[in-house]
Each structure stands twice: as C-alpha cells, then as structure tokens.
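**Q** The structure is given below, and queries will be raised subsequently.
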Amino acid sequence: MSDRTSTTRLAVKLHRRVCLIQTEDAVLAEELLARKKLAQEVAGRLSDTILLVRPGRVDAILDELRRMGHTPQVVGPG
Amino acid sequence: MQSASDAAVRAALARYDDGQLRAVAAKLFKPRSHWPAEELIDRAVDALENAPVIDRRLKDLSAASRHLLAAIGLSRRSEWPVGNLLALLATFGHNEGLGPVLALLDAGLAVPVLPENERPIRRWEDWLGTVPTAARLFVPPKVVERAVREGTGLASLPGKQFEPKVIHSADGLEWPIRLGVLWQQLRSSPIRLTQGNTLFKRDLTRLQADPVLGTSPSDIPVELPEPGVLAMVLGMAAGLFLADGGDLRAGPFPPSWDASLLATLTDLWAALPAAAHWDPVRGYYPADDAPFPTVALAAMLLLAAQPEGVWTHPSDVAAYLYPKHPGWAASLAMPSDEGEGWIEAMFLGWALPTRLVEVTQDGEGWWVRLTPVGRHLLAGAPPADLHNPFPKCLVVQPNGDVIAYRQGLTPGLVGRLSRFAEWKMIGPACTLGLSAESVYRGLESGLSRPEVIGVLQQHSAHPVPTNVQDLIRRWAGKRERITVHTAATLLEFAVPAELDAAVARGLVSQKLTDRIGLANGELDYKNLRLVGNRDYEARPQQCIKFQPDGVTFAVNVAASDLLLEAELSRLAEPVPADGPDRRYRITPATAQAAREQGTTLPELEQWCLNRSGEPLSPSARLLFAGSAGAVAEVRNQLVITLPSEAVADGVCQWPETGDLLDDRLGPCAVTVAEENADELLARLAAVGVEVKREPAPSPTSTTP
C-alpha cells in the first residue's frame with residue numbers, strides 16, 4: 001500500500017513566477033504591512049509570515065524594504 | 001565544439017551570395033570541385049585554422065594589408081570598425097584607402113560583421129553601406145597570430161640609451177582598482193547612457209565630482225583629465241560594464257582578474273581599440289572619431305618597433321604620427337605643439353598606470369620605453385613575472401575599516417573586496433570600509449558569510465578583530481530575516497496530506513501553508529499531475545462567472561490563482577455552493593469594506609473585466625457606488641394610460657399636449673402633474689381622445 005502511494009502522481013496546481021515576501025516571524029510581517037507604501041504592493045497574505053506581492057512590483061518592494069533599512073535576501077533568477 | 005571565432009566566420013560566410021562565396025573560397029583554399037555552399041563554408045573554416053594555408057595567403061597580400069593584420073593582432077582585438085583601420089593604415093604610411101581592407105575580405109582572411117536579417121552580400125559595398133567607416137570586420141585569431149610575425153613595418157625613431165637616476169613605473173593596479181570602485185558604484189546606481197553611449201550631464205558630473213574616481217592617480221607625474229570617465233570607458237571596452245537598455249550596469253568580473261595581473265593587463269590593453277569618448281588632453285570627448293584608440297595604438301606600436309632598452313622622446317612619436325593620422329590634427333585642443341603634449345599626456349596618464357611603459361625625465365623632458373609587460377604584449381617578449389610576494393596585505397581595523405597595501409593586491413583580490421567592502425580612498429595604501437550595506441551587497445552578489453570573513457582572514461597580516469567578525473555575522477543574520485522570492489514556483493495541493501507526501505518525495509523544499517509548498521528546484525513531472533498552471537507574470541486569467549443577480553459568482557478553482565483569493569477576501573463573502581466550484585457574493589457590507597480599503601470604482605470595473613470577461617453588473621455597481629451622489633425624489637403624479645402606442649406618440653409630440661406632460665413611462669403610459677391634469681384632459685378631449693378618470697381615492701375611512 002505504501003509503495004503504491006509513493007508512486008502515485010500527486011494532483012497539483014502549479015503557480016509559476018510568484019513574487020513572495022517571507023519574513024522570519026509574524027511580527028515582522030505585520031511591521032511590513034504597517035508601511036503604507038509596501039502594503040499597497042502586497043496582494044494578500046498566504047500565512048502569518050508569507051506575503052503575496054502584486055505581479056511586476058518586485059523592484060518597488062525591494063526599494064521600499066531597503067528604504068526601511070532592511071537587507072532582504074533576494075532569491076530568484078537574475 | 002564550435003568556437004566563437006568559427007561561429008563568427010560561419011555566420012558571415014553564410015550571408016555571402018553564392019558568387020561571392022565561391023570567389024572568396026577560390027582565393028582562400030582553391031576548391032578542386034564545384035562543392036555546395038555548406039561544404040565551402042566548412043572548408044573555409046578549416047583553412048582559417050591551418051597555419052601553412054594562412055601563411056601562403058599572407059604572402060599573397062600587399063605590405064599594407066599584412067601590416068594592418070599585424071597591428072590588429074598586436075591590439076589583441078579581433079573586431080574593428082573600418083574607420084579605425086583606415087586611420088591605422090594612413091598612420092603606417094599606406095594611403096591606398098579601402099584597398100588593403102577589401103583585399104583581406106577578398107582573400108577570406110577577414111569577414112564582415114553583419115547585422116541580423118541583412119540581405120545577402122553580393123559585393124563588399126552591400127556591407128559597407130552608406131557609412132563605410134562604421135562597418136565592422138572580424139579577423140580570426142589564427143590569422144592574426146600568424147600575421148604578427150610579419151611586424152607592422154614601422155620605422156625606428158631617434159631614441160636615446162642612457163641610465164637614468166629615477167625611472168617612474170607603475171604596479172598596473174591603478175585601473176583594476178578604479179574599475180572595482182566604479183563597479184561597486186554601478187551596482188548600487190547605474191549610469192544612464194544616451195543612444196550613442198554618451199553621458200548625460202548628471203552622470204558626467206557624478207564621475208567628475210566623485211572623491212575617489214574623480215581624482216588623478218597620485219603616482220603619475222601629470223594631472224589626468226577626467227579619470228572617472230576613462231575608468232568607465234575602459235570598463236565598457238573590457239566588457240566589465242554592460243550597457244543594458246540605456247543603463248550602464250556592473251557585469252561579472254572577467255576570469256582574467258582571478259588568473260593573474262598579467263592577464264588583467266592584457267585585457268585592459270585589448271580594450272584600447274574600443275575605448276571611445278575619452279581624450280588624454282580633453283578628458284571626456286564624445287566624438288565618434290575620437291583619436292585616442294588609433295593614435296595611442298599606433299604610438300605604442302612605434303615604441304614596440306624601437307630596440308629594447310632605448311628611450312624614446314614623445315616629440316619624436318608625435319612628429320611621426322602627426323602628419324600621417326587623418327583625423328588627429330583636427331581634434332587636437334592645442335594644435336600648435338603638433339601632438340607632442342597629447343602623446344606625452346597619453347603615455348604618462350594612460351600607458352604608465354597600465355604598466356605598459358616606464359618613463360624618466362632629463363633636461364630634454366620626458367622619455368618613455370616599454371616595460372616588460374609592454375614588450376610581452378607588443379614585441380613578442382616572454383611573459384613578465386608579476387608574482388606577488390606579499391599576499392597578506394590587509395589590515396582589518398576594529399572600526400570596520402580595511403587598509404589594503406598595494407604591493408600585495410591582485411586584480412582577483414580587488415574584485416572580491418569590491419563585492420563586499422566600499423572603497424573609500426585609493427593610493428599606495430587603500431582604505432575600504434565594511435558596513436551593513438556593503439556586506440549585504442557582497443552576500444547578494446553570491447558570496448557567503450564564511451567567504452567574506454575568509455577573504456579578510458586569508459589576506460590579513462593580523463587576525464581579523466572579533467568584533468568585526470561578529471558585525472559581519474550580525475549583518476548577514478539581518479539579511480536572513482526577510483527573503484524576497486522574485487519568481488517562485490509554488491505547488492498547491494488539494495489536501496495537506498498530499499503536500500506532506502510531496503515534501504517526503506523531495507518535490508517541495510518548504511511548506512508555506514498547510515496546502516501550498518515551495519517547489520524544490522526543477523519540477524519532476526513524473527510525480528505530478530497538473531490540474532492547473534498559472535503564470536503570474538501573464539495577464540490575469542478569467543476564472544469567475546457571475547449569476548443573473550449580478551452579485552453572486554462562482555469561482556473556477558482550476559483556473560483561479562492565489563491573487564484571486566486575496567482579491568476575494570476584500571470584495572466578497574463566501575456563500576454555500578452545491579457543486580465543485582466555490583461561490584461568493586458581493587454584499588453591501590463587503591462593498592463598503594472594499595471602498596474603505598481604497599478600492600475605486602474603475603479598479604473594480606477592471607477587476608471584473610479581467611476576472612469574468614464581462615463588465616461590472618448594474619447590481620454590483622449599485623452596491624459599490626450607489627447613485628454616485630445623485631438624489632432620488634418621491635412625488636405624487638397622475639398616470640394616464642392612452643389607448644394605443646400611436647396615440648401616446650402623438651400626445652407626446654403635439655406641443656399643446658406634450659408641454660403639459662412630465663415623463664413617458666412606457667409605450668402607452670405618461671405622467672402629468674396634478675395641476676396640469678385638467679388642462680391636458682381638456683386639450684385631449686378637443687382632439688377626440690376621451691379619458692376616463694378614476695374617482696379620487698376616498699379619505700381613509702374609520703371603522704365605526
């Protein structure tokens with residue numbers, strides 16, 4: 001039974017080229033959302049620590065984070 | 001594997017007209033049969049790797065063409081604009097115009113560099129176009145390698161052999177360090193370029209006023225004009241800085257920087273022919289025909305033609321080149337000295353810090369000769385030994401400043417330091433600063449925290465202070481507090497158990513929610529069955545369908561995306577659904593909440609169009625915008641129902657009756673104010689329309 005489960009193809013919905021902000025803790029996410037300019041670029045919240053960014057707004061997000069004094073780790077192509 | 005040179009040759013030959021290709025092949029390797037074009041190209045590429053064949057073709061060329069090829073070879077740059085080649089030919093005393101250049105193309109020893117989608121080349125004029133000097137040609141490396149043995153045919157100048165008391169020489173690190181300084185500045189703030197790759201005033205001022213780049217090197221005996229611009233020009237020509245959509249950005253450091261100082265200096269020498277827009281006397285000189293690349297190259301080739309050890313006076317170099325170079329005299333800021341000041345400024349300001357020449361001074365002025373590096377690059381001397389005996393050249397201070405002693409620096413170390421420490425001062429001892437910002441940029445460039453500390457420890461004469469190591473760790477830790485995924489791939493599963501299974505199979509590197517995980521590298525589709533696929537850089541997908549009430553809609557789960565979830569939470573509330581699709585409804589409360597969160601009516605209209613493909617329904621518009629401030633009213637009116645639509649049309653149109661009416665409610669119904677009713681009925685009666693009037697409602701009766 002377990003062998004069969006391990007070979008079953010999992011039904012999945014693929015989300016490609018998603019821009020996310022991931023914070024160390026929920027308080028930091030709240031701090032970011034309290035910044036009006038940054039909150040405007042956030043489309044929603046996937047979890048306490050994961051913020052979903054509007055498409056095409058990654059540069060604006062990075063600029064604003066750096067303006068706030070943060071040094072975000074940027075993960076992605078380029 | 002096909003080399004870049006082979007690819008360039010093939011690309012050019014493939015664009016030749018059949019007749020042109022056969023004519024070139026006939027000269028290059030003399031085909032013995034009528035081979036197809038593809039075979040001719042293959043054999044031409046092979047011939048251009050065959051030294052004896054190349055040597056035979058070189059012998060067939062005129063002296064002018066051979067000297068030109070030798071100069072191209074010594075420049076170590078394979079691609080040249082025709083205008084600069086004509087200038088070089090004239091400088092060598094060959095005034096045959098385009099002839100020697102076209103002879104190289106005829107012989108197949110050079111090929112044109114052709115823009116994409118250009119028509120086939122039937123004759124060279126097709127390539128030269130209307131501006132022949134701007135056309136570019138490529139010479140394969142093997143051809144120039146054989147041609148440099150021929151020499152440039154330049155004359156000996158009246159030099160002087162003596163033992164000076166003081167010889168000025170340089171360590172060759174000036175330009176690598178300055179390029180490192182500009183590299184880190186470009187990384188944080190690119191320079192804007194015009195379409196002609198010239199500078200806007202703001203960026204020119206920035207380079208001129210920069211406290212590090214804008215100052216002339218301290219160890220050269222002249223004031224170098226616009227050293228910041230020269231650093232930019234050299235970096236662009238060497239491929240370290242890349243023009244990208246009007247911005248000049250920092251590219252990766254070339255491998256030569258980690259190889260050796262000699263390899264780096266070779267790259268900088270090879271950058272000379274492309275070093276446009278700088279002049280040793282004027283500084284920034286944004287002219288298309290700026291003479292620096294060709295005059296400097298010719299001057300250096302003249303020095304290479306002199307016997308080893310002999311000093312040459314810049315005035316003799318100028319006297320040789322001034323009457324020959326076609327455009328130089330016209331560009332001189334001070335033509336009265338016939339180029340002597342220009343040549344002296346070029347040797348002392350550019351060639352000396354590049355470690356190509358060394359200089360000395362006596363009563364007759366400055367004298368110049370090639371260094372071992374210069375003789376290796378230009379006169380075929382063995383490679384100079386530039387071994388660095390002092391690798392531990394850094395002193396890291398407790399305040400985060402790093403002192404770098406030049407005698408121990410290498411281009412590789414300059415490149416690594418430029419990635420995570422900010423250059424504050426350059427000189428015999430350079431000063432760099434470590435800061436949260438600089439370390440952050442180093443980490444963003446791909447260095448790890450241990451690598452940053454490792455570079456400092458490896459090259460420090462003393463242990464790196466503990467507080468500095470702690471600072472670097474703290475700065476690096478701060479970076480780990482926020483991660484921005486710029487283009488993540490997420491996998492959304494139907495139930496949490498499937499996400500757990502995906503984690504167990506290594507398909508997901510991190511769980512983000514109970515059903516959504518971050519994909520672990522490239523997806524293994526053997527383990528997955530896609531039920532939906534959304535690209536977030538593409539246009540939003542239509543995935544909702546409104547019901548007839550205009551406020552309730554169903555979500556197609558397979559086509560929806562994570563953005564929709566966030567949008568729905570602001571706009572609508574879920575309602576029970578009886579099928580697989582989820583249903584939501586816009587209510588007065590959700591509409592008000594959306595308005596309060598800053599959603600505007602145009603945004604809602606666009607959202608509706610994007611997500612449903614239909615305009616915003618009137619009912620949704622009503623809930624969101626109401627009447628947009630317009631006031632409705634309640635009033636008593638009489639309704640007259642006319643016998644037919646035709647009668648109603650006539651009553652509305654005839655001014656005697658139409659002026660007494662208020663509104664038309666339907667095909668046969670019109671309204672009239674109570675005070676106009678009697679007059680209207682009288683006029684209708686006069687034209688034969690009888691109206692039966694209902695009795696007025698009686699006052700409210702009271703139950704006895």
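Residue names in the structure tokens use chain letters A, B, ... in the order shown, residue numbers from 1 in each chain, and ligand numbers from 1 in the order shown.
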Would you kindly return, as a list in words, each protein, DNA or RNA residue with an atom no farther than 12 Å from any atom of A:Arg67, considering only C-alpha atoms and excluding same-chain residues fewer than 3 positions away?
**A**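 Non-adjacent residues within range: Leu32, Arg35, Lys37, Leu38, Ala60, Ile61, Leu62, Asp63, Glu64, His70, Thr71 and Pro72 of chain A; Glu437 of chain B.
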**Q** May I have a table of the residues of chain A lying at most 7 Å from chain B, giving each one's closest pair of atoms and their distance in Å to one decimal, counting only C-alpha atoms, ordered by chain and ascending residue number, as a Markdown table?
**A**
| residue | atom | partner | partner_atom | distance |
| --- | --- | --- | --- | --- |
| A:Thr8 | CA | B:Asn527 | CA | 7.0 |
| A:Arg9 | CA | B:Asn527 | CA | 4.6 |
| A:Leu10 | CA | B:Leu528 | CA | 4.7 |
| A:Ala11 | CA | B:Arg529 | CA | 4.6 |
| A:Val12 | CA | B:Phe493 | CA | 4.9 |
| A:Lys13 | CA | B:Gly532 | CA | 4.4 |
| A:Leu14 | CA | B:Asn533 | CA | 4.6 |
| A:His15 | CA | B:Leu490 | CA | 5.0 |
| A:Arg16 | CA | B:Thr489 | CA | 4.6 |
| A:Arg17 | CA | B:Ala487 | CA | 3.9 |
| A:Val18 | CA | B:Ala488 | CA | 4.9 |
| A:Cys19 | CA | B:Thr486 | CA | 4.6 |
| A:Leu20 | CA | B:His485 | CA | 5.1 |
| A:Ile21 | CA | B:Val484 | CA | 4.6 |
| A:Gln22 | CA | B:Thr483 | CA | 5.0 |
| A:Thr23 | CA | B:Ile482 | CA | 4.6 |
| A:Glu24 | CA | B:Arg481 | CA | 4.8 |
| A:Ala43 | CA | B:Ala566 | CA | 6.1 |
| A:Gly44 | CA | B:Ala566 | CA | 4.7 |
| A:Leu46 | CA | B:Thr513 | CA | 6.9 |
| A:Ser47 | CA | B:Thr513 | CA | 6.2 |
| A:Pro55 | CA | B:Glu537 | CA | 5.9 |
| A:Gly56 | CA | B:Glu537 | CA | 7.0 |
| A:Val58 | CA | B:Thr486 | CA | 6.4 |
| A:Thr71 | CA | B:Arg479 | CA | 4.8 |
| A:Pro72 | CA | B:Ile482 | CA | 4.9 |
| A:Gln73 | CA | B:Thr483 | CA | 4.6 |
| A:Val74 | CA | B:Val484 | CA | 4.9 |
| A:Val75 | CA | B:His485 | CA | 4.8 |
| A:Gly76 | CA | B:Thr486 | CA | 5.1 |
**Q** Rounded to one decimal in Å, what is the spacing between atom CA of B:Lys324 and atom CA of B:Phe92?
**A** 7.6 Å
**Q** Residues near B:Pro450, anyone? I mean within 12 Å using only C-alpha atoms, not counting same-chain ones fewer than 2 positions away, as JSON, numbers by chain.
**A** {"B": [439, 442, 443, 446, 447, 448, 452, 453, 454, 455, 456, 457, 458, 469, 470, 472, 473, 476]}
**Q** Write the selection just made, keeping C-alpha atoms, as a PDB file, in the first residue's frame?
**A**
ATOM      1  CA  VAL B 439      28.331  43.264   3.335  1.00  0.00           C
ATOM      2  CA  GLY B 442      28.501  41.132  -1.104  1.00  0.00           C
ATOM      3  CA  LEU B 443      26.091  38.477   0.075  1.00  0.00           C
ATOM      4  CA  GLY B 446      26.675  35.372  -4.264  1.00  0.00           C
ATOM      5  CA  LEU B 447      29.363  35.420  -1.594  1.00  0.00           C
ATOM      6  CA  SER B 448      28.610  33.578   1.629  1.00  0.00           C
ATOM      7  CA  VAL B 452      33.611  37.212   3.244  1.00  0.00           C
ATOM      8  CA  ILE B 453      35.345  36.521   6.532  1.00  0.00           C
ATOM      9  CA  GLY B 454      37.649  34.026   4.760  1.00  0.00           C
ATOM     10  CA  VAL B 455      38.916  36.639   2.279  1.00  0.00           C
ATOM     11  CA  LEU B 456      39.743  39.001   5.143  1.00  0.00           C
ATOM     12  CA  GLN B 457      41.436  36.271   7.184  1.00  0.00           C
ATOM     13  CA  GLN B 458      43.393  34.869   4.257  1.00  0.00           C
ATOM     14  CA  GLN B 469      33.617  39.147  12.577  1.00  0.00           C
ATOM     15  CA  ASP B 470      30.637  39.495  14.938  1.00  0.00           C
ATOM     16  CA  ILE B 472      29.607  40.620   9.701  1.00  0.00           C
ATOM     17  CA  ARG B 473      27.697  37.734  11.259  1.00  0.00           C
ATOM     18  CA  ALA B 476      24.410  38.571   7.485  1.00  0.00           C
TER      19      ALA B 476
END
**Q** Could you pull the residues within 12 Å of B:Asp659, counting only C-alpha atoms, minus those fewer than 3 positions along the same chain, as a list in words?
**A**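 My list of contacting residues is Val651, Cys652, Gln653, Trp654, Pro655, Glu656, Asp662, Asp663, Thr671, Val672, Ala673, Asn676, Ala677, Glu679, Leu680 and Arg683 of chain B.
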**Q** How far is it from atom CA of B:Thr587 to atom CA of A:Arg45, in Å with one decimal?
**A**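 Here the two named atoms are 22.6 Å from each other.
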**Q** Quick one, how far is atom CA of B:Val111 from atom CA of B:Ser33?
**A** 23.1 Å
**Q** Please give the complete set of residues from stretch 435-586 of chain B that DSSP, run on the backbone, assigns to helix (DSSP H, G or I), formatted as a ChimeraX atom specification.
**A** /B:436-444,449-459,466-479,496-504,525-527,562-571
**Q** Pick out each residue of chain A that DSSP on the backbone tags as strand (DSSP E); I need them as an NGL selection string.
**A** :A and (10-23 or 42-45 or 50-53 or 73-75)
**Q** Give me a file of those residues, with N, CA and C atoms, as a PDB file, in the first residue's frame.
**A**
ATOM      1  N   LEU A  10       0.793  13.048  -7.829  1.00  0.00           N
ATOM      2  CA  LEU A  10       0.025  13.940  -6.973  1.00  0.00           C
ATOM      3  C   LEU A  10      -0.635  15.033  -7.808  1.00  0.00           C
ATOM      4  N   ALA A  11      -1.948  15.194  -7.603  1.00  0.00           N
ATOM      5  CA  ALA A  11      -2.663  16.263  -8.315  1.00  0.00           C
ATOM      6  C   ALA A  11      -2.235  17.603  -7.721  1.00  0.00           C
ATOM      7  N   VAL A  12      -1.795  18.477  -8.570  1.00  0.00           N
ATOM      8  CA  VAL A  12      -1.238  19.728  -8.062  1.00  0.00           C
ATOM      9  C   VAL A  12      -1.587  20.882  -8.996  1.00  0.00           C
ATOM     10  N   LYS A  13      -1.782  22.011  -8.377  1.00  0.00           N
ATOM     11  CA  LYS A  13      -1.955  23.235  -9.162  1.00  0.00           C
ATOM     12  C   LYS A  13      -0.639  24.002  -9.081  1.00  0.00           C
ATOM     13  N   LEU A  14      -0.129  24.361 -10.253  1.00  0.00           N
ATOM     14  CA  LEU A  14       1.196  24.979 -10.321  1.00  0.00           C
ATOM     15  C   LEU A  14       1.043  26.494 -10.398  1.00  0.00           C
ATOM     16  N   HIS A  15       1.761  27.175  -9.533  1.00  0.00           N
ATOM     17  CA  HIS A  15       1.777  28.647  -9.587  1.00  0.00           C
ATOM     18  C   HIS A  15       3.206  29.059  -9.932  1.00  0.00           C
ATOM     19  N   ARG A  16       3.393  29.608 -11.121  1.00  0.00           N
ATOM     20  CA  ARG A  16       4.742  29.943 -11.574  1.00  0.00           C
ATOM     21  C   ARG A  16       4.996  31.453 -11.497  1.00  0.00           C
ATOM     22  N   ARG A  17       6.270  31.779 -11.284  1.00  0.00           N
ATOM     23  CA  ARG A  17       6.741  33.174 -11.250  1.00  0.00           C
ATOM     24  C   ARG A  17       5.919  34.018 -10.260  1.00  0.00           C
ATOM     25  N   VAL A  18       5.807  33.471  -9.059  1.00  0.00           N
ATOM     26  CA  VAL A  18       5.092  34.170  -7.996  1.00  0.00           C
ATOM     27  C   VAL A  18       6.112  34.976  -7.192  1.00  0.00           C
ATOM     28  N   CYS A  19       5.762  36.194  -6.858  1.00  0.00           N
ATOM     29  CA  CYS A  19       6.649  37.006  -6.025  1.00  0.00           C
ATOM     30  C   CYS A  19       6.123  36.995  -4.594  1.00  0.00           C
ATOM     31  N   LEU A  20       7.003  36.604  -3.668  1.00  0.00           N
ATOM     32  CA  LEU A  20       6.613  36.449  -2.260  1.00  0.00           C
ATOM     33  C   LEU A  20       7.598  37.168  -1.362  1.00  0.00           C
ATOM     34  N   ILE A  21       7.102  37.635  -0.254  1.00  0.00           N
ATOM     35  CA  ILE A  21       7.982  38.086   0.834  1.00  0.00           C
ATOM     36  C   ILE A  21       7.808  37.086   1.970  1.00  0.00           C
ATOM     37  N   GLN A  22       8.927  36.564   2.430  1.00  0.00           N
ATOM     38  CA  GLN A  22       8.877  35.611   3.542  1.00  0.00           C
ATOM     39  C   GLN A  22       9.623  36.235   4.721  1.00  0.00           C
ATOM     40  N   THR A  23       8.953  36.356   5.840  1.00  0.00           N
ATOM     41  CA  THR A  23       9.590  37.001   6.996  1.00  0.00           C
ATOM     42  C   THR A  23       9.949  35.967   8.049  1.00  0.00           C
ATOM     43  N   VAL A  42       1.326  44.691  -1.750  1.00  0.00           N
ATOM     44  CA  VAL A  42       1.048  43.325  -1.288  1.00  0.00           C
ATOM     45  C   VAL A  42      -0.386  42.969  -1.669  1.00  0.00           C
ATOM     46  N   ALA A  43      -0.527  41.881  -2.401  1.00  0.00           N
ATOM     47  CA  ALA A  43      -1.862  41.486  -2.855  1.00  0.00           C
ATOM     48  C   ALA A  43      -2.607  40.721  -1.764  1.00  0.00           C
ATOM     49  N   GLY A  44      -1.875  40.030  -0.938  1.00  0.00           N
ATOM     50  CA  GLY A  44      -2.543  39.253   0.097  1.00  0.00           C
ATOM     51  C   GLY A  44      -1.536  38.538   0.973  1.00  0.00           C
ATOM     52  N   ARG A  45      -2.055  37.756   1.885  1.00  0.00           N
ATOM     53  CA  ARG A  45      -1.210  37.074   2.863  1.00  0.00           C
ATOM     54  C   ARG A  45      -1.508  35.585   2.795  1.00  0.00           C
ATOM     55  N   ILE A  50       4.084  34.827   5.205  1.00  0.00           N
ATOM     56  CA  ILE A  50       4.240  34.850   3.742  1.00  0.00           C
ATOM     57  C   ILE A  50       3.288  35.879   3.146  1.00  0.00           C
ATOM     58  N   LEU A  51       3.864  36.870   2.474  1.00  0.00           N
ATOM     59  CA  LEU A  51       3.056  37.904   1.822  1.00  0.00           C
ATOM     60  C   LEU A  51       3.154  37.732   0.313  1.00  0.00           C
ATOM     61  N   LEU A  52       2.013  37.845  -0.327  1.00  0.00           N
ATOM     62  CA  LEU A  52       1.953  37.688  -1.780  1.00  0.00           C
ATOM     63  C   LEU A  52       2.045  39.076  -2.412  1.00  0.00           C
ATOM     64  N   VAL A  53       3.012  39.248  -3.332  1.00  0.00           N
ATOM     65  CA  VAL A  53       3.267  40.565  -3.927  1.00  0.00           C
ATOM     66  C   VAL A  53       2.565  40.650  -5.281  1.00  0.00           C
ATOM     67  N   GLN A  73      17.108  39.164   1.623  1.00  0.00           N
ATOM     68  CA  GLN A  73      17.785  38.179   0.789  1.00  0.00           C
ATOM     69  C   GLN A  73      16.920  37.976  -0.454  1.00  0.00           C
ATOM     70  N   VAL A  74      17.506  38.183  -1.614  1.00  0.00           N
ATOM     71  CA  VAL A  74      16.715  38.086  -2.854  1.00  0.00           C
ATOM     72  C   VAL A  74      16.990  36.738  -3.495  1.00  0.00           C
ATOM     73  N   VAL A  75      15.948  35.965  -3.679  1.00  0.00           N
ATOM     74  CA  VAL A  75      16.080  34.636  -4.273  1.00  0.00           C
ATOM     75  C   VAL A  75      15.310  34.634  -5.583  1.00  0.00           C
TER      76      VAL A  75
END
